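Content type compact mmCIF, C-alpha atoms, from the file work_38.txt:
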# COMPACT_ATOMS: atom_id res chain seq x y z
CA MET A 3 -35.66 15.82 17.11
CA LYS A 4 -33.54 18.95 17.22
CA MET A 5 -30.90 17.14 19.24
CA VAL A 6 -30.86 14.27 16.73
CA LYS A 7 -30.44 16.72 13.85
CA LEU A 8 -27.68 18.62 15.67
CA SER A 9 -25.90 15.36 16.55
CA LEU A 10 -25.99 14.23 12.94
CA GLN A 11 -24.66 17.59 11.81
CA MET A 12 -21.78 17.38 14.30
CA LEU A 13 -20.96 13.84 13.20
CA SER A 14 -20.94 14.89 9.58
CA LEU A 15 -18.55 17.77 10.38
CA VAL A 16 -16.20 15.28 12.03
CA ALA A 17 -16.47 13.04 8.96
CA ILE A 18 -15.67 16.00 6.70
CA PHE A 19 -12.64 16.84 8.84
CA ILE A 20 -11.30 13.28 8.61
CA ALA A 21 -11.97 12.95 4.87
CA VAL A 22 -10.40 16.32 3.99
CA ALA A 23 -7.43 15.68 6.27
CA MET A 24 -6.74 12.26 4.67
CA ALA A 25 -7.18 13.61 1.13
CA THR A 26 -4.92 16.62 1.80
CA LEU A 27 -2.18 14.51 3.36
CA ARG A 28 -2.30 12.04 0.50
CA PHE A 29 -1.99 14.94 -1.96
CA ASN A 30 0.89 16.41 0.08
CA HIS A 31 2.86 13.15 0.12
CA ARG A 32 2.41 12.31 -3.57
CA ASN A 33 5.87 13.53 -4.60
CA ASP A 34 7.84 12.42 -1.53
CA ASP A 35 10.91 10.25 -2.00
CA GLY A 36 9.13 7.03 -1.10
CA PRO A 37 5.93 6.16 0.72
CA SER A 38 4.97 6.54 4.34
CA ILE A 39 3.06 3.89 6.26
CA LEU A 40 -0.23 5.60 5.48
CA PHE A 41 0.21 7.24 2.11
CA PRO A 42 1.81 6.42 -1.23
CA GLY A 43 4.75 8.56 -2.26
CA GLY A 44 6.52 9.56 -5.42
CA ALA A 45 9.55 8.24 -7.26
CA LEU A 46 12.32 6.53 -5.29
CA VAL A 47 15.28 8.79 -5.94
CA SER A 48 17.67 8.30 -3.03
CA GLY A 49 19.74 5.21 -2.34
CA GLU A 50 22.45 3.36 -4.19
CA LEU A 51 21.34 1.73 -7.43
CA HIS A 52 22.31 -1.95 -7.46
CA THR A 53 24.40 -2.74 -10.54
CA GLY A 54 26.21 -5.94 -9.55
CA PRO A 55 25.28 -9.58 -10.15
CA GLU A 56 21.76 -10.80 -9.43
CA PRO A 57 21.51 -11.15 -5.65
CA ASN A 58 20.18 -14.18 -3.83
CA TRP A 59 16.90 -12.77 -2.60
CA ASP A 60 16.65 -15.08 0.40
CA PHE A 61 18.02 -12.17 2.47
CA THR A 62 14.52 -10.67 2.26
CA ALA A 63 13.30 -13.39 4.63
CA ASP A 64 14.19 -10.89 7.38
CA VAL A 65 12.61 -7.91 5.59
CA GLN A 66 9.00 -7.10 6.48
CA THR A 67 8.21 -4.40 3.91
CA VAL A 68 9.87 -2.89 0.89
CA GLU A 69 9.23 0.25 -1.13
CA LEU A 70 7.93 -0.42 -4.62
CA GLU A 71 7.78 2.18 -7.37
CA LEU A 72 6.14 1.50 -10.72
CA ASP A 73 7.78 3.30 -13.63
CA ASP A 74 4.45 3.80 -15.39
CA SER A 75 3.10 6.03 -12.64
CA ASP A 76 6.14 7.19 -10.61
CA SER A 77 4.23 6.39 -7.45
CA SER A 78 5.53 4.26 -4.60
CA ARG A 79 4.08 2.27 -1.79
CA LEU A 80 5.08 -0.10 1.02
CA ILE A 81 4.36 -3.76 0.31
CA TRP A 82 5.27 -7.18 1.62
CA ILE A 83 7.95 -9.26 -0.06
CA GLN A 84 8.35 -13.01 -0.35
CA ASN A 85 11.33 -15.16 -1.21
CA ALA A 86 11.67 -18.71 -2.48
CA ASP A 87 14.67 -20.55 -3.94
CA GLY A 88 16.72 -17.35 -4.06
CA LYS A 89 14.09 -15.40 -5.99
CA ALA A 90 11.87 -12.53 -4.85
CA TYR A 91 8.11 -12.19 -5.25
CA VAL A 92 5.38 -9.74 -4.30
CA VAL A 93 1.71 -10.58 -3.91
CA SER A 94 -1.50 -8.63 -3.79
CA GLY A 95 -4.65 -9.95 -2.16
CA TYR A 96 -8.31 -8.95 -2.47
CA MET A 97 -8.07 -8.83 -6.26
CA ASN A 98 -11.38 -10.57 -6.90
CA ASN A 99 -13.56 -7.49 -6.42
CA TRP A 100 -13.56 -3.89 -7.63
CA LEU A 101 -12.77 -2.44 -4.19
CA GLY A 102 -9.71 -4.65 -3.82
CA ARG A 103 -8.49 -3.72 -7.28
CA LEU A 104 -8.98 -0.06 -6.44
CA TRP A 105 -7.11 -0.42 -3.14
CA LYS A 106 -4.32 -2.51 -4.66
CA HIS A 107 -4.20 -0.56 -7.90
CA TRP A 108 -0.43 -1.00 -8.12
CA ALA A 109 -0.98 -4.68 -9.00
CA VAL A 110 -3.38 -3.76 -11.81
CA GLU A 111 -0.86 -1.20 -13.11
CA ALA A 112 1.95 -3.76 -13.00
CA ASP A 113 -0.11 -6.40 -14.79
CA GLU A 114 -1.59 -4.14 -17.47
CA GLY A 115 1.41 -1.85 -17.92
CA SER A 116 5.07 -2.44 -18.59
CA GLY A 117 5.72 -4.02 -15.19
CA ARG A 118 8.95 -2.03 -14.88
CA ALA A 119 9.56 -1.19 -11.25
CA VAL A 120 12.11 -0.03 -8.73
CA LEU A 121 12.39 -1.80 -5.39
CA ARG A 122 14.09 -0.07 -2.48
CA ILE A 123 15.25 -2.17 0.45
CA GLY A 124 17.10 -0.14 3.04
CA ASP A 125 19.39 2.20 1.12
CA THR A 126 19.62 0.12 -2.05
CA ARG A 127 17.43 0.43 -5.11
CA TYR A 128 16.92 -2.44 -7.53
CA GLU A 129 15.56 -1.91 -11.03
CA ARG A 130 13.19 -4.79 -11.62
CA GLN A 131 10.53 -6.25 -13.87
CA LEU A 132 7.32 -7.52 -12.29
CA VAL A 133 5.96 -10.55 -14.11
CA ARG A 134 2.68 -12.02 -12.98
CA ILE A 135 2.60 -15.75 -12.25
CA HIS A 136 -0.74 -17.45 -12.76
CA GLN A 137 0.13 -21.08 -12.06
CA GLY A 138 2.96 -23.51 -11.51
CA ASP A 139 4.81 -25.19 -8.67
CA GLU A 140 6.72 -22.04 -7.72
CA LEU A 141 3.43 -20.83 -6.21
CA ASP A 142 4.04 -23.32 -3.39
CA GLY A 143 7.23 -21.50 -2.43
CA ILE A 144 5.48 -18.14 -2.58
CA ALA A 145 2.62 -19.43 -0.43
CA GLU A 146 5.00 -20.88 2.13
CA SER A 147 6.88 -17.58 2.34
CA VAL A 148 3.69 -15.55 2.84
CA ILE A 149 2.38 -17.88 5.54
CA ARG A 150 5.74 -18.11 7.31
CA LYS A 151 6.33 -14.35 7.40
CA TYR A 152 2.90 -12.79 7.58
CA ALA A 153 0.29 -15.36 8.62
CA GLY A 154 1.29 -17.01 11.84
CA GLY A 155 4.53 -18.65 10.74
CA ASN A 156 3.36 -22.27 10.45
CA PRO A 157 2.88 -23.34 6.83
CA THR A 158 1.10 -26.66 6.47
CA PRO A 159 0.38 -28.55 3.22
CA GLU A 160 -3.26 -27.51 3.55
CA SER A 161 -2.54 -23.82 4.09
CA ILE A 162 -0.03 -23.78 1.24
CA ALA A 163 -2.53 -25.48 -1.06
CA GLY A 164 -5.22 -23.00 -0.03
CA PHE A 165 -3.03 -19.99 -0.74
CA ARG A 166 -1.91 -21.49 -4.05
CA ALA A 167 -5.57 -21.97 -4.99
CA ALA A 168 -6.23 -18.30 -4.20
CA ILE A 169 -3.49 -17.26 -6.62
CA GLU A 170 -4.64 -19.65 -9.34
CA SER A 171 -8.23 -18.41 -9.00
CA GLY A 172 -7.18 -14.77 -9.36
CA ALA A 173 -8.23 -13.73 -5.85
CA THR A 174 -4.57 -13.09 -5.08
CA TRP A 175 -2.05 -11.94 -7.67
CA ALA A 176 1.57 -12.98 -7.46
CA PHE A 177 4.45 -11.34 -9.30
CA ALA A 178 8.00 -12.53 -9.77
CA VAL A 179 10.49 -9.71 -9.18
CA LEU A 180 12.90 -10.30 -12.04
CA PRO A 181 15.88 -8.44 -13.47
CA ARG A 182 15.04 -6.22 -16.40
CA GLY A 183 15.67 -8.03 -19.67
CA MET B 13 -28.15 24.58 13.21
CA THR B 14 -29.96 26.01 10.18
CA THR B 15 -29.16 24.52 6.80
CA LYS B 16 -27.36 27.66 5.68
CA ASN B 17 -25.19 27.76 8.81
CA TYR B 18 -24.52 24.04 8.49
CA LEU B 19 -23.29 24.41 4.92
CA ILE B 20 -21.09 27.34 5.94
CA ALA B 21 -19.70 25.21 8.77
CA CYS B 22 -18.98 22.36 6.32
CA GLY B 23 -17.08 24.69 4.03
CA ALA B 24 -15.16 26.28 6.89
CA VAL B 25 -14.16 22.90 8.37
CA ALA B 26 -12.99 21.69 4.96
CA VAL B 27 -10.94 24.81 4.21
CA VAL B 28 -9.40 25.14 7.67
CA THR B 29 -8.56 21.42 7.76
CA ALA B 30 -6.86 21.51 4.37
CA LEU B 31 -4.86 24.64 5.23
CA CYS B 32 -3.75 23.20 8.57
CA MET B 33 -2.64 19.93 7.00
CA LEU B 34 -0.70 21.79 4.33
CA PHE B 35 0.91 24.59 6.32
CA VAL B 36 1.05 23.46 9.95
CA PRO B 37 3.32 20.36 10.02
CA PRO B 38 2.81 19.57 13.73
CA VAL B 39 -0.93 19.29 13.13
CA ALA B 40 -0.40 17.00 10.14
CA GLN B 41 2.04 14.84 12.07
CA ALA B 42 -0.28 14.62 15.06
CA PHE B 43 -3.17 13.57 12.84
CA GLU B 44 -1.06 10.92 11.09
CA GLY B 45 0.05 9.62 14.49
CA LEU B 46 -3.57 9.34 15.63
CA VAL B 47 -4.55 7.47 12.48
CA LEU B 48 -1.63 5.06 12.91
CA LEU B 49 -2.56 4.52 16.54
CA PHE B 50 -6.16 3.81 15.57
CA LEU B 51 -5.13 1.36 12.84
CA SER B 52 -2.60 -0.45 15.03
CA THR B 53 -5.15 -0.75 17.82
CA PHE B 54 -7.79 -2.34 15.64
CA ALA B 55 -5.57 -4.28 13.20
CA THR B 56 -6.21 -8.04 13.09
CA GLY B 57 -3.81 -10.94 12.45

Any chance you could put this one into structure tokens?
Amino acid sequence: MKMVKLSLQMLSLVAIFIAVAMATLRFNHRNDDGPSILFPGGALVSGELHTGPEPNWDFTADVQTVELELDDSDSSRLIWIQNADGKAYVVSGYMNNWLGRLWKHWAVEADEGSGRAVLRIGDTRYERQLVRIHQGDELDGIAESVIRKYAGGNPTPESIAGFRAAIESGATWAFAVLPRG
Amino acid sequence: MTTKNYLIACGAVAVVTALCMLFVPPVAQAFEGLVLLFLSTFATG
């Protein structure tokens, strides 16, 4: 019995170490210029601000992650990016439960706030507007891009339809990354 | 461990951990590396 109690106490000390370490590091990174793989960062301040004509976003087909900052909160994180017909999109899964919405809080902020954002790809920052898409045929292009880049690389009509259904049901949220109007 | 000593140990671990993460960069970097290694080892898809 004593050994069981001591073992549980040791395990709880390890758990405290891990929890405090993660919380402290997250606090320490909160104002960094951009996110790390593990922790969100602060405002994206370095990098050239794109001011030319609207780019063809199909170049992001070779980009795995981008840095996204929401103006409403000045926080940034690494997220996936999709492209279809020259336009850029970002999606957020697991949005059909409270834990998912807590984890992917940036999507809730974008949907309920102004949607104004800054995207940084490499050394270039793009001032953007995130606009949520609930339905429509452009969801097929978004689904194909997600499956091709991040889910095995073989989009079929069935898998595209399934992903589109997830967006239309609200389980996954999709945002168009548009120029600021 | 008595309850009193256990609670003291909890407080000490929390304080020392926080101070190390804040003021000893090699420790913070090593911990982040371990977390990344753990996540990449058990990531699916």

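Residues with any atom within 10 Å of region 5-10 of chain A, counting only C-alpha atoms and excluding same-chain neighbours fewer than 4 positions away, are Ser14, Leu15 and Val16 of chain A; Met13, Thr14 and Tyr18 of chain B.
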
Residue contacts of Val65 (chain A) (12 Å, all atoms listed in the file) excluding same-chain residues fewer than 6 positions away, as a PyMOL selection string: chain A and resi 59+80-85+90+122-124+147+151-152

Residues of chain A within 12 Å of chain B, counting only C-alpha atoms, as a ChimeraX atom specification: /A:4-31,38-41,149,151-155

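From CA of Phe177 (chain A) back to CA of Asn156 (chain A), the distance works out to 22.6 Å.
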
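Relative to CA of Glu129 (chain A), CA of Asp76 (chain A) is found at 13.1 Å.
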
Spatial neighbours of Leu70 (chain A), max dist 10 Å, only C-alpha atoms, sep filter under 5 positions, as a ChimeraX atom specification: /A:36-37,42-43,45-46,76-83,92,108,119-123,127-128,130

Go ahead and write the selection's residues with C-alpha atoms as a tab-separated table (two decimals), keeping the file's coordinate frame.
chain	number	residue	atom	x	y	z
A	36	GLY	CA	9.13	7.03	-1.10
A	37	PRO	CA	5.93	6.16	0.72
A	42	PRO	CA	1.81	6.42	-1.23
A	43	GLY	CA	4.75	8.56	-2.26
A	45	ALA	CA	9.55	8.24	-7.26
A	46	LEU	CA	12.32	6.53	-5.29
A	76	ASP	CA	6.14	7.19	-10.61
A	77	SER	CA	4.23	6.39	-7.45
A	78	SER	CA	5.53	4.26	-4.60
A	79	ARG	CA	4.08	2.27	-1.79
A	80	LEU	CA	5.08	-0.10	1.02
A	81	ILE	CA	4.36	-3.76	0.31
A	82	TRP	CA	5.27	-7.18	1.62
A	83	ILE	CA	7.95	-9.26	-0.06
A	92	VAL	CA	5.38	-9.74	-4.30
A	108	TRP	CA	-0.43	-1.00	-8.12
A	119	ALA	CA	9.56	-1.19	-11.25
A	120	VAL	CA	12.11	-0.03	-8.73
A	121	LEU	CA	12.39	-1.80	-5.39
A	122	ARG	CA	14.09	-0.07	-2.48
A	123	ILE	CA	15.25	-2.17	0.45
A	127	ARG	CA	17.43	0.43	-5.11
A	128	TYR	CA	16.92	-2.44	-7.53
A	130	ARG	CA	13.19	-4.79	-11.62

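When CA of Ala109 (chain A) is paired with CA of Glu71 (chain A), their separation reads 11.2 Å.
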
Test item: residues at most 12 Å from Tyr96 (chain A), all atoms listed in the file, excluding those fewer than 6 positions along its chain, as number ranges by chain: A: 102-107, 109-110, 168-169, 171-176

Residues within 9 Å of Phe165 (chain A), only C-alpha atoms, excluding chain neighbours under 3 positions, as a PyMOL selection string: chain A and resi 141-142+144-146+148-149+160-162+168-170+174
